[in-house]
>>> print(open('coords.cif').read())   # mmCIF, C-alpha atoms
data_protein
loop_
_atom_site.group_PDB
_atom_site.id
_atom_site.type_symbol
_atom_site.label_atom_id
_atom_site.label_comp_id
_atom_site.auth_asym_id
_atom_site.auth_seq_id
_atom_site.Cartn_x
_atom_site.Cartn_y
_atom_site.Cartn_z
ATOM 1 C CA MET A 1 13.080 -0.960 -16.406
ATOM 2 C CA ALA A 2 16.059 0.944 -17.666
ATOM 3 C CA GLU A 3 14.661 4.415 -17.206
ATOM 4 C CA THR A 4 18.126 5.918 -16.774
ATOM 5 C CA ALA A 5 19.131 4.992 -20.308
ATOM 6 C CA LEU A 6 16.042 6.286 -22.025
ATOM 7 C CA PRO A 7 17.050 8.179 -25.139
ATOM 8 C CA ALA A 8 19.801 6.388 -27.051
ATOM 9 C CA GLU A 9 19.254 2.662 -26.557
ATOM 10 C CA THR A 10 15.525 2.511 -26.161
ATOM 11 C CA SER A 11 14.059 5.155 -28.399
ATOM 12 C CA ASN A 12 15.256 3.243 -31.424
ATOM 13 C CA PRO A 13 12.364 0.954 -32.461
ATOM 14 C CA ALA A 14 14.807 -1.602 -33.848
ATOM 15 C CA ASN A 15 16.139 -2.214 -30.352
ATOM 16 C CA ILE A 16 12.773 -2.756 -28.711
ATOM 17 C CA ASP A 17 12.436 -6.440 -29.514
ATOM 18 C CA LYS A 18 16.005 -7.033 -28.412
ATOM 19 C CA LEU A 19 15.303 -5.298 -25.113
ATOM 20 C CA ARG A 20 12.088 -7.197 -24.527
ATOM 21 C CA ALA A 21 13.802 -10.494 -25.187
ATOM 22 C CA ALA A 22 16.480 -9.665 -22.649
ATOM 23 C CA ARG A 23 13.984 -8.908 -19.903
ATOM 24 C CA ARG A 24 13.167 -11.489 -17.277
ATOM 25 C CA SER A 25 10.156 -10.985 -15.028
ATOM 26 C CA PRO A 26 10.445 -11.620 -11.261
ATOM 27 C CA ALA A 27 8.340 -14.797 -11.339
ATOM 28 C CA SER A 28 9.190 -16.011 -14.845
ATOM 29 C CA HIS A 29 10.872 -19.125 -13.432
ATOM 30 C CA LEU A 30 7.521 -20.137 -11.896
ATOM 31 C CA SER A 31 5.417 -19.831 -15.048
ATOM 32 C CA GLU A 32 5.263 -23.619 -15.519
ATOM 33 C CA ASN A 33 4.291 -24.080 -11.879
ATOM 34 C CA PHE A 34 1.536 -21.488 -12.310
ATOM 35 C CA ALA A 35 0.219 -23.334 -15.372
ATOM 36 C CA SER A 36 0.301 -26.763 -13.731
ATOM 37 C CA GLY A 37 -1.013 -25.469 -10.411
ATOM 38 C CA SER A 38 -4.037 -23.773 -11.938
ATOM 39 C CA VAL A 39 -7.247 -25.791 -11.771
ATOM 40 C CA ALA A 40 -9.370 -25.286 -14.875
ATOM 41 C CA GLY A 41 -12.701 -23.696 -14.090
ATOM 42 C CA THR A 42 -11.842 -23.315 -10.396
ATOM 43 C CA VAL A 43 -8.828 -21.128 -9.803
ATOM 44 C CA ALA A 44 -5.997 -19.940 -12.021
ATOM 45 C CA LEU A 45 -2.823 -18.005 -11.336
ATOM 46 C CA LYS A 46 -0.629 -16.232 -13.841
ATOM 47 C CA GLU A 47 1.911 -13.489 -13.923
ATOM 48 C CA ILE A 48 1.291 -10.414 -16.044
ATOM 49 C CA PRO A 49 4.859 -9.179 -16.358
ATOM 50 C CA PHE A 50 6.285 -5.755 -17.083
ATOM 51 C CA GLN A 51 3.208 -3.616 -16.595
ATOM 52 C CA THR A 52 4.049 0.053 -16.664
ATOM 53 C CA MET A 53 3.697 1.476 -13.163
ATOM 54 C CA VAL A 54 4.327 5.016 -12.075
ATOM 55 C CA GLY A 55 4.250 6.243 -8.505
ATOM 56 C CA ILE A 56 2.774 9.693 -8.037
ATOM 57 C CA ARG A 57 2.902 11.806 -4.919
ATOM 58 C CA VAL A 58 0.970 15.025 -5.226
ATOM 59 C CA ASP A 59 -1.775 16.981 -3.510
ATOM 60 C CA ARG A 60 -4.716 16.017 -5.706
ATOM 61 C CA GLU A 61 -6.470 19.342 -5.071
ATOM 62 C CA SER A 62 -3.536 21.360 -6.364
ATOM 63 C CA ASP A 63 -3.017 22.545 -9.931
ATOM 64 C CA ALA A 64 -0.320 19.944 -10.451
ATOM 65 C CA GLY A 65 -2.720 17.296 -9.137
ATOM 66 C CA GLN A 66 -5.288 18.327 -11.686
ATOM 67 C CA ARG A 67 -2.735 18.370 -14.487
ATOM 68 C CA LEU A 68 -1.680 14.827 -13.528
ATOM 69 C CA ALA A 69 -5.314 13.769 -13.270
ATOM 70 C CA SER A 70 -5.924 14.927 -16.821
ATOM 71 C CA VAL A 71 -3.126 12.616 -18.008
ATOM 72 C CA THR A 72 -4.166 9.576 -15.969
ATOM 73 C CA GLY A 73 -7.901 10.092 -16.357
ATOM 74 C CA GLY A 74 -8.509 11.146 -12.777
ATOM 75 C CA LEU A 75 -6.889 10.600 -9.385
ATOM 76 C CA PRO A 76 -8.904 8.535 -6.882
ATOM 77 C CA ALA A 77 -10.182 10.443 -3.863
ATOM 78 C CA ALA A 78 -10.425 7.868 -1.087
ATOM 79 C CA CYS A 79 -9.140 4.534 0.141
ATOM 80 C CA GLY A 80 -10.072 1.676 -2.186
ATOM 81 C CA GLU A 81 -11.024 3.864 -5.116
ATOM 82 C CA VAL A 82 -9.651 3.256 -8.591
ATOM 83 C CA ALA A 83 -9.764 5.901 -11.293
ATOM 84 C CA GLY A 84 -9.661 4.776 -14.860
ATOM 85 C CA GLY A 85 -8.776 6.597 -18.019
ATOM 86 C CA GLU A 86 -8.019 5.585 -21.569
ATOM 87 C CA ARG A 87 -4.290 5.502 -21.031
ATOM 88 C CA ALA A 88 -3.973 4.154 -17.522
ATOM 89 C CA THR A 89 -5.662 3.132 -14.305
ATOM 90 C CA THR A 90 -4.807 4.873 -11.052
ATOM 91 C CA LEU A 91 -4.965 3.190 -7.661
ATOM 92 C CA TRP A 92 -5.235 5.020 -4.349
ATOM 93 C CA LEU A 93 -2.304 4.245 -2.047
ATOM 94 C CA GLY A 94 -2.564 7.181 0.329
ATOM 95 C CA PRO A 95 -4.183 10.632 0.521
ATOM 96 C CA ASP A 96 -1.343 12.042 -1.581
ATOM 97 C CA GLU A 97 0.071 8.866 -3.093
ATOM 98 C CA PHE A 98 -1.148 7.047 -6.186
ATOM 99 C CA LEU A 99 -0.047 4.172 -8.359
ATOM 100 C CA VAL A 100 -0.625 4.468 -12.090
ATOM 101 C CA VAL A 101 -0.872 1.119 -13.864
ATOM 102 C CA ALA A 102 -0.805 0.794 -17.636
ATOM 103 C CA PRO A 103 0.011 -1.901 -20.175
ATOM 104 C CA GLU A 104 3.628 -2.669 -20.934
ATOM 105 C CA THR A 105 3.548 -0.785 -24.231
ATOM 106 C CA ALA A 106 2.695 2.495 -22.481
ATOM 107 C CA HIS A 107 6.247 2.635 -21.159
ATOM 108 C CA ASP A 108 8.546 5.107 -22.825
ATOM 109 C CA SER A 109 11.148 2.434 -23.530
ATOM 110 C CA LEU A 110 8.633 0.585 -25.733
ATOM 111 C CA GLY A 111 7.447 3.568 -27.707
ATOM 112 C CA GLY A 112 4.856 4.853 -25.230
ATOM 113 C CA ASP A 113 4.918 8.250 -23.573
ATOM 114 C CA LEU A 114 3.152 7.784 -20.247
ATOM 115 C CA VAL A 115 6.084 8.399 -17.902
ATOM 116 C CA ARG A 116 7.254 11.443 -19.811
ATOM 117 C CA ALA A 117 3.719 12.851 -20.006
ATOM 118 C CA LEU A 118 3.270 12.490 -16.243
ATOM 119 C CA PHE A 119 6.693 13.959 -15.604
ATOM 120 C CA GLU A 120 5.874 16.971 -17.733
ATOM 121 C CA ALA A 121 2.451 17.351 -16.124
ATOM 122 C CA LEU A 122 4.039 17.636 -12.689
ATOM 123 C CA GLY A 123 6.632 20.132 -13.878
ATOM 124 C CA ASP A 124 8.322 22.016 -11.056
ATOM 125 C CA ALA A 125 5.392 21.673 -8.667
ATOM 126 C CA PRO A 126 5.881 19.938 -5.312
ATOM 127 C CA GLY A 127 5.403 16.209 -5.647
ATOM 128 C CA GLN A 128 7.007 13.346 -7.463
ATOM 129 C CA VAL A 129 6.588 11.091 -10.461
ATOM 130 C CA VAL A 130 8.711 7.954 -10.310
ATOM 131 C CA ASP A 131 8.874 5.132 -12.810
ATOM 132 C CA LEU A 132 8.148 2.053 -10.668
ATOM 133 C CA SER A 133 7.651 -0.432 -13.499
ATOM 134 C CA ALA A 134 10.407 -2.664 -12.169
ATOM 135 C CA ASN A 135 9.350 -2.296 -8.551
ATOM 136 C CA ARG A 136 6.361 -4.601 -8.606
ATOM 137 C CA THR A 137 5.108 -7.453 -10.694
ATOM 138 C CA THR A 138 1.490 -8.416 -11.250
ATOM 139 C CA PHE A 139 -0.226 -11.680 -10.430
ATOM 140 C CA GLU A 140 -3.702 -12.422 -11.650
ATOM 141 C CA LEU A 141 -5.671 -14.845 -9.511
ATOM 142 C CA SER A 142 -8.995 -15.733 -11.057
ATOM 143 C CA GLY A 143 -11.766 -18.276 -10.785
ATOM 144 C CA ILE A 144 -14.608 -19.087 -8.468
ATOM 145 C CA ARG A 145 -12.176 -20.163 -5.731
ATOM 146 C CA ALA A 146 -9.845 -17.160 -6.029
ATOM 147 C CA LYS A 147 -11.429 -15.478 -3.014
ATOM 148 C CA ASP A 148 -11.017 -18.649 -0.942
ATOM 149 C CA VAL A 149 -7.330 -18.816 -1.805
ATOM 150 C CA LEU A 150 -6.805 -15.190 -0.810
ATOM 151 C CA GLU A 151 -8.791 -15.504 2.396
ATOM 152 C CA LYS A 152 -6.247 -17.967 3.721
ATOM 153 C CA SER A 153 -3.629 -15.286 4.085
ATOM 154 C CA CYS A 154 -5.311 -11.894 3.765
ATOM 155 C CA SER A 155 -7.241 -10.546 6.720
ATOM 156 C CA LEU A 156 -9.332 -8.046 4.747
ATOM 157 C CA ASP A 157 -13.045 -8.674 4.415
ATOM 158 C CA LEU A 158 -13.097 -10.050 0.869
ATOM 159 C CA HIS A 159 -16.804 -10.818 0.809
ATOM 160 C CA PRO A 160 -18.379 -9.252 -2.310
ATOM 161 C CA ARG A 161 -20.659 -7.221 -0.060
ATOM 162 C CA ALA A 162 -17.631 -5.437 1.413
ATOM 163 C CA PHE A 163 -15.014 -5.691 -1.330
ATOM 164 C CA HIS A 164 -16.484 -4.676 -4.665
ATOM 165 C CA ALA A 165 -15.050 -5.226 -8.107
ATOM 166 C CA GLY A 166 -13.112 -2.139 -9.120
ATOM 167 C CA THR A 167 -11.645 -1.611 -5.648
ATOM 168 C CA ALA A 168 -7.971 -1.734 -4.727
ATOM 169 C CA LEU A 169 -6.443 -1.839 -1.255
ATOM 170 C CA ALA A 170 -2.871 -1.816 -0.013
ATOM 171 C CA THR A 171 -2.589 -4.547 2.576
ATOM 172 C CA GLU A 172 -0.710 -7.668 3.614
ATOM 173 C CA ILE A 173 -1.035 -10.996 1.811
ATOM 174 C CA GLY A 174 0.894 -13.904 3.262
ATOM 175 C CA ASN A 175 2.585 -11.468 5.654
ATOM 176 C CA ILE A 176 4.096 -9.394 2.864
ATOM 177 C CA PRO A 177 2.923 -5.949 1.779
ATOM 178 C CA ALA A 178 1.017 -6.004 -1.493
ATOM 179 C CA VAL A 179 -1.655 -4.101 -3.326
ATOM 180 C CA LEU A 180 -4.809 -6.102 -3.992
ATOM 181 C CA TRP A 181 -7.051 -4.946 -6.825
ATOM 182 C CA LYS A 182 -10.334 -6.670 -7.531
ATOM 183 C CA THR A 183 -10.775 -6.260 -11.270
ATOM 184 C CA GLY A 184 -13.798 -8.514 -11.719
ATOM 185 C CA GLU A 185 -16.238 -10.539 -9.646
ATOM 186 C CA ASP A 186 -13.814 -13.481 -9.498
ATOM 187 C CA THR A 187 -10.605 -11.836 -10.623
ATOM 188 C CA PHE A 188 -7.939 -10.287 -8.447
ATOM 189 C CA ARG A 189 -4.729 -8.583 -9.413
ATOM 190 C CA ILE A 190 -1.994 -8.634 -6.812
ATOM 191 C CA PHE A 191 1.032 -6.352 -6.921
ATOM 192 C CA PRO A 192 3.860 -7.710 -4.784
ATOM 193 C CA ARG A 193 7.309 -6.157 -4.776
ATOM 194 C CA ALA A 194 9.607 -7.919 -7.232
ATOM 195 C CA SER A 195 11.721 -9.471 -4.493
ATOM 196 C CA PHE A 196 8.628 -11.025 -2.905
ATOM 197 C CA ALA A 197 7.183 -12.314 -6.187
ATOM 198 C CA ALA A 198 8.619 -15.826 -5.993
ATOM 199 C CA PHE A 199 7.570 -16.178 -2.366
ATOM 200 C CA LEU A 200 4.031 -14.973 -2.962
ATOM 201 C CA GLY A 201 3.719 -17.033 -6.146
ATOM 202 C CA ARG A 202 4.620 -20.230 -4.317
ATOM 203 C CA TRP A 203 2.458 -19.204 -1.380
ATOM 204 C CA LEU A 204 -0.604 -18.780 -3.595
ATOM 205 C CA LEU A 205 0.145 -22.042 -5.418
ATOM 206 C CA ASP A 206 0.171 -23.781 -2.053
ATOM 207 C CA GLY A 207 -3.180 -22.206 -1.234
ATOM 208 C CA MET A 208 -4.598 -23.404 -4.570
ATOM 209 C CA LYS A 209 -3.472 -26.995 -4.094
ATOM 210 C CA GLU A 210 -6.509 -28.209 -2.203
ATOM 211 C CA PHE A 211 -8.866 -27.194 -5.019
ATOM 212 C CA ALA A 212 -7.126 -29.610 -7.420
ATOM 213 C CA SER A 213 -8.253 -32.587 -5.348
ATOM 214 C CA PRO A 214 -11.788 -33.915 -5.305
ATOM 215 C CA GLU A 215 -13.842 -32.479 -2.482
ATOM 216 C CA VAL A 216 -13.988 -34.661 0.597
ATOM 217 C CA PRO A 217 -17.637 -35.172 1.506
ATOM 218 C CA MET B 218 -4.225 -8.847 17.675
ATOM 219 C CA LEU B 219 -5.506 -5.285 17.827
ATOM 220 C CA LEU B 220 -7.912 -4.064 15.191
ATOM 221 C CA ILE B 221 -6.844 -0.481 14.560
ATOM 222 C CA SER B 222 -9.022 2.007 12.714
ATOM 223 C CA CYS B 223 -6.756 3.972 10.423
ATOM 224 C CA PRO B 224 -8.214 7.459 9.812
ATOM 225 C CA ASN B 225 -7.678 6.954 6.072
ATOM 226 C CA CYS B 226 -8.242 3.248 5.490
ATOM 227 C CA GLY B 227 -10.601 2.044 8.195
ATOM 228 C CA PRO B 228 -10.112 -0.985 10.449
ATOM 229 C CA ARG B 229 -7.035 -3.102 9.726
ATOM 230 C CA ASP B 230 -4.947 -5.668 11.557
ATOM 231 C CA GLU B 231 -2.288 -4.482 13.967
ATOM 232 C CA THR B 232 0.426 -6.146 11.837
ATOM 233 C CA GLU B 233 -0.104 -3.487 9.154
ATOM 234 C CA PHE B 234 0.949 -0.753 11.602
ATOM 235 C CA HIS B 235 4.087 0.348 13.358
ATOM 236 C CA TYR B 236 4.280 1.979 16.745
ATOM 237 C CA GLY B 237 5.786 5.438 17.088
ATOM 238 C CA GLY B 238 5.960 5.995 20.823
ATOM 239 C CA GLN B 239 4.389 8.684 22.953
ATOM 240 C CA ALA B 240 2.489 11.430 21.151
ATOM 241 C CA HIS B 241 2.567 15.158 21.858
ATOM 242 C CA VAL B 242 6.256 15.328 22.779
ATOM 243 C CA ALA B 243 6.999 18.826 21.525
ATOM 244 C CA TYR B 244 10.363 19.722 20.060
ATOM 245 C CA PRO B 245 12.093 22.223 22.355
ATOM 246 C CA GLU B 246 11.622 25.813 21.253
ATOM 247 C CA ASN B 247 15.306 26.632 21.738
ATOM 248 C CA PRO B 248 17.262 23.388 21.596
ATOM 249 C CA ASN B 249 20.535 25.251 22.001
ATOM 250 C CA ASP B 250 19.502 26.539 25.412
ATOM 251 C CA LEU B 251 19.033 23.035 26.795
ATOM 252 C CA ASN B 252 21.715 21.480 28.932
ATOM 253 C CA ASP B 253 22.693 17.853 28.354
ATOM 254 C CA ARG B 254 20.313 16.554 30.952
ATOM 255 C CA GLU B 255 17.308 18.422 29.517
ATOM 256 C CA TRP B 256 18.202 17.343 25.988
ATOM 257 C CA ALA B 257 18.526 13.709 27.060
ATOM 258 C CA GLU B 258 15.186 13.934 28.827
ATOM 259 C CA TYR B 259 13.589 15.339 25.683
ATOM 260 C CA LEU B 260 15.096 12.568 23.565
ATOM 261 C CA PHE B 261 14.682 9.539 25.769
ATOM 262 C CA TYR B 262 12.381 10.158 28.725
ATOM 263 C CA ARG B 263 8.821 9.039 28.123
ATOM 264 C CA ASP B 264 5.803 8.537 30.311
ATOM 265 C CA ASN B 265 4.981 5.046 31.445
ATOM 266 C CA THR B 266 1.297 5.545 31.943
ATOM 267 C CA LYS B 267 -1.041 3.001 33.415
ATOM 268 C CA GLY B 268 -4.349 3.778 31.751
ATOM 269 C CA ASN B 269 -5.092 6.061 28.802
ATOM 270 C CA PHE B 270 -1.947 6.789 26.834
ATOM 271 C CA ALA B 271 -1.653 8.966 23.710
ATOM 272 C CA GLU B 272 0.688 7.389 21.195
ATOM 273 C CA ARG B 273 1.677 7.636 17.558
ATOM 274 C CA TRP B 274 1.109 4.914 14.981
ATOM 275 C CA VAL B 275 1.849 4.654 11.280
ATOM 276 C CA HIS B 276 -0.130 2.562 8.816
ATOM 277 C CA SER B 277 3.018 1.262 7.173
ATOM 278 C CA THR B 278 1.577 -1.263 4.735
ATOM 279 C CA GLY B 279 -1.477 0.846 3.925
ATOM 280 C CA CYS B 280 -1.597 4.585 3.400
ATOM 281 C CA ARG B 281 1.784 5.134 5.135
ATOM 282 C CA LYS B 282 0.371 8.042 7.148
ATOM 283 C CA TRP B 283 0.929 8.763 10.822
ATOM 284 C CA PHE B 284 -1.903 9.295 13.270
ATOM 285 C CA ASN B 285 -2.472 9.510 17.010
ATOM 286 C CA MET B 286 -4.286 7.009 19.127
ATOM 287 C CA LEU B 287 -5.510 7.046 22.707
ATOM 288 C CA ARG B 288 -5.126 3.542 24.074
ATOM 289 C CA ASP B 289 -5.672 2.089 27.526
ATOM 290 C CA THR B 290 -2.389 0.383 28.400
ATOM 291 C CA VAL B 291 -4.150 -1.967 30.813
ATOM 292 C CA THR B 292 -7.111 -3.179 28.761
ATOM 293 C CA TYR B 293 -5.725 -2.320 25.292
ATOM 294 C CA ASP B 294 -9.034 -0.581 24.570
ATOM 295 C CA ILE B 295 -8.611 1.951 21.766
ATOM 296 C CA LYS B 296 -10.409 5.016 23.101
ATOM 297 C CA ALA B 297 -9.835 7.431 20.253
ATOM 298 C CA VAL B 298 -8.088 7.755 16.910
ATOM 299 C CA TYR B 299 -7.282 11.295 15.793
ATOM 300 C CA LYS B 300 -5.132 13.053 13.254
ATOM 301 C CA MET B 301 -1.610 14.317 13.650
ATOM 302 C CA GLY B 302 -1.598 17.856 14.962
ATOM 303 C CA GLU B 303 -4.950 17.568 16.728
ATOM 304 C CA PRO B 304 -4.948 17.955 20.507
ATOM 305 C CA ARG B 305 -5.421 14.948 22.722
ATOM 306 C CA PRO B 306 -9.170 14.389 23.124
ATOM 307 C CA ASP B 307 -10.556 14.936 26.591
ATOM 308 C CA LEU B 308 -12.421 11.733 27.328
ATOM 309 C CA THR B 309 -14.132 13.056 30.435
ATOM 310 C CA ASN B 310 -16.231 15.642 28.602
ATOM 311 C CA GLU B 311 -17.319 13.992 25.419
ATOM 312 C CA ALA B 312 -17.907 10.548 24.079
ATOM 313 C CA ILE B 313 -15.356 9.829 21.364
ATOM 314 C CA SER B 314 -15.927 7.251 18.726
ATOM 315 C CA PRO B 315 -13.026 4.854 18.311
ATOM 316 C CA GLU B 316 -13.899 4.519 14.651
ATOM 317 C CA GLY B 317 -11.326 6.393 12.604
ATOM 318 C CA ALA B 318 -12.809 6.446 9.144
ATOM 319 C CA SER B 319 -16.418 6.142 8.206
ATOM 320 C CA LYS B 320 -15.835 3.002 6.163
#
>>> encode(input="coords.cif", output="structure tokens")
Amino acid sequence: MAETALPAETSNPANIDKLRAARRSPASHLSENFASGSVAGTVALKEIPFQTMVGIRVDRESDAGQRLASVTGGLPAACGEVAGGERATTLWLGPDEFLVVAPETAHDSLGGDLVRALFEALGDAPGQVVDLSANRTTFELSGIRAKDVLEKSCSLDLHPRAFHAGTALATEIGNIPAVLWKTGEDTFRIFPRASFAAFLGRWLLDGMKEFASPEVP
Amino acid sequence: MLLISCPNCGPRDETEFHYGGQAHVAYPENPNDLNDREWAEYLFYRDNTKGNFAERWVHSTGCRKWFNMLRDTVTYDIKAVYKMGEPRPDLTNEAISPEGASK
């Protein structure tokens, strides 16, 4: 979040808990709605706040691209691909644009070193490494009806035959741009921009509503 | 709704794209030599073709890359999708697949 004030405030471990307590995620005010709107065993929605995200723009064939790939554990080569390493997972956004996603604790402000390591790997080479942790939030939509909820407002072919687990696509969900990552057979992670988080959260809750009622024969 | 085959991402809805106007409008070699009329024509004058029209599109909510497309302005048939910098395909000589990417 506060990448401009890295050294003094945040590198002190004593301040970390204070900083975390002061943070408020984009959809935190909807957490009770998410809990009450989830239907046990059918479909569930929750926010996974404050994931570390870093935007990378680099030619993946170049030396700098390979240096960055060694930090992230590979850069995906084509649309939909996701490269995974020990430290982070990298999603393909464009031929020269990637989104690195890592747990909250990988962020430099919480004692991690991911952003700095990527920054140093790029060095002076053409490209960019930008801390985007505050740019997007993460929703996790899971359950056997998760696909049905998404299909109401996402025009991609979400059938398992076309959209495999471990695939991520940048697309539109509910008319807003978002990245959709299928992490498991019935689990989707959605990355909307922070300013769209409340809208998309309520939108998905509305789509989940019908599954709370008994099925009409 | 058009279904546009992005060269990077494959077929997506038209709402994911933005239109960029006529393709292959070259920047003048010596802009300083142009008089006001020629400069205005370069900036603002575009063809209004009935039939196959080469135009630029950007996949703004996907890979954010620009590409060219040959589209029939009457039927909205997408005749060809090709990369930036490639010449306009000659449809009379060869059959061109409208599929951009293989997937």
>>> atom_distance(input="coords.cif", atom1="CA of Leu150 in chain A", atom2="CA of Gly174 in chain A")
8.8 Å
>>> resolve_selection(input="coords.cif", expression="the PyMOL selection byres ((chain A and resi 138-144) around 7)", output="number ranges by chain")
A: 41-49, 136-137, 145-146, 186-192
>>> closest_residue(input="coords.cif", among="A:Thr90, A:Ser155, A:Thr72, A:Gln51", to="chain B", atoms="all atoms listed in the file")
A:Ser155
>>> residues_near_point(input="coords.cif", point="(10.9, 18.4, 20.1)", cutoff="12 Å", atoms="all atoms listed in the file", output="VMD selection string")
chain B and resid 240 to 249 251 255 to 261
>>> closest_atom_pairs(input="coords.cif", of="chain A", to="chain B", cutoff="6 Å", atoms="all atoms listed in the file", output="JSON lines")
{"residue": "A:Cys79", "atom": "CA", "partner": "B:Cys226", "partner_atom": "CA", "distance": 5.6}
{"residue": "A:Leu93", "atom": "CA", "partner": "B:Cys280", "partner_atom": "CA", "distance": 5.5}
{"residue": "A:Gly94", "atom": "CA", "partner": "B:Cys280", "partner_atom": "CA", "distance": 4.1}
{"residue": "A:Ala170", "atom": "CA", "partner": "B:Gly279", "partner_atom": "CA", "distance": 5.0}
{"residue": "A:Thr171", "atom": "CA", "partner": "B:Gly279", "partner_atom": "CA", "distance": 5.7}
{"residue": "A:Pro177", "atom": "CA", "partner": "B:Thr278", "partner_atom": "CA", "distance": 5.7}
>>> resolve_selection(input="coords.cif", expression="the PyMOL selection byres ((chain A and resi 153) around 10)", output="PyMOL selection string")
chain A and resi 148-152+154-156+172-176+203-204+207
>>> resolve_selection(input="coords.cif", expression="the PyMOL selection byres ((chain A and resi 209) around 10)", output="list in words")
Gly37, Ser38, Val39, Val43, Val149, Leu204, Leu205, Asp206, Gly207, Met208, Glu210, Phe211, Ala212 and Ser213 of chain A
>>> residues_around(input="coords.cif", residues="Val100 in chain A", least_positions_apart="3", cutoff="8 Å", atoms="all atoms listed in the file", output="list in words")
Thr52, Met53, Val54, Gly55, Ile56, Thr72, Ala88, Thr89, Thr90 and Leu91 of chain A
>>> atom_distance(input="coords.cif", atom1="CA of Val101 in chain A", atom2="CA of Ala198 in chain A")
21.0 Å
>>> closest_residue(input="coords.cif", among="B:Asp250, B:Asp289, B:Asp294, B:Glu272", to="Leu219 in chain B", atoms="all atoms listed in the file")
B:Asp294
>>> closest_residue(input="coords.cif", among="B:Arg254, B:Arg273, B:Lys267, B:Leu287", to="Asp307 in chain B", atoms="all atoms listed in the file")
B:Leu287
>>> atom_distance(input="coords.cif", atom1="CA of Ser28 in chain A", atom2="CA of His107 in chain A")
19.9 Å
>>> residues_around(input="coords.cif", residues="Val298 in chain B", least_positions_apart="3", cutoff="12 Å", atoms="all atoms listed in the file", output="PyMOL selection string")
chain B and resi 220-225+227-228+240+270-275+283-288+294-295+301+303-306+308+313-318
>>> write_last_selection(input="coords.cif", atoms="C-alpha atoms", output="compact mmCIF listing (two decimals), keeping the file's coordinate frame")
# COMPACT_ATOMS: atom_id res chain seq x y z
CA LEU B 220 -7.91 -4.06 15.19
CA ILE B 221 -6.84 -0.48 14.56
CA SER B 222 -9.02 2.01 12.71
CA CYS B 223 -6.76 3.97 10.42
CA PRO B 224 -8.21 7.46 9.81
CA ASN B 225 -7.68 6.95 6.07
CA GLY B 227 -10.60 2.04 8.20
CA PRO B 228 -10.11 -0.98 10.45
CA ALA B 240 2.49 11.43 21.15
CA PHE B 270 -1.95 6.79 26.83
CA ALA B 271 -1.65 8.97 23.71
CA GLU B 272 0.69 7.39 21.20
CA ARG B 273 1.68 7.64 17.56
CA TRP B 274 1.11 4.91 14.98
CA VAL B 275 1.85 4.65 11.28
CA TRP B 283 0.93 8.76 10.82
CA PHE B 284 -1.90 9.30 13.27
CA ASN B 285 -2.47 9.51 17.01
CA MET B 286 -4.29 7.01 19.13
CA LEU B 287 -5.51 7.05 22.71
CA ARG B 288 -5.13 3.54 24.07
CA ASP B 294 -9.03 -0.58 24.57
CA ILE B 295 -8.61 1.95 21.77
CA MET B 301 -1.61 14.32 13.65
CA GLU B 303 -4.95 17.57 16.73
CA PRO B 304 -4.95 17.95 20.51
CA ARG B 305 -5.42 14.95 22.72
CA PRO B 306 -9.17 14.39 23.12
CA LEU B 308 -12.42 11.73 27.33
CA ILE B 313 -15.36 9.83 21.36
CA SER B 314 -15.93 7.25 18.73
CA PRO B 315 -13.03 4.85 18.31
CA GLU B 316 -13.90 4.52 14.65
CA GLY B 317 -11.33 6.39 12.60
CA ALA B 318 -12.81 6.45 9.14
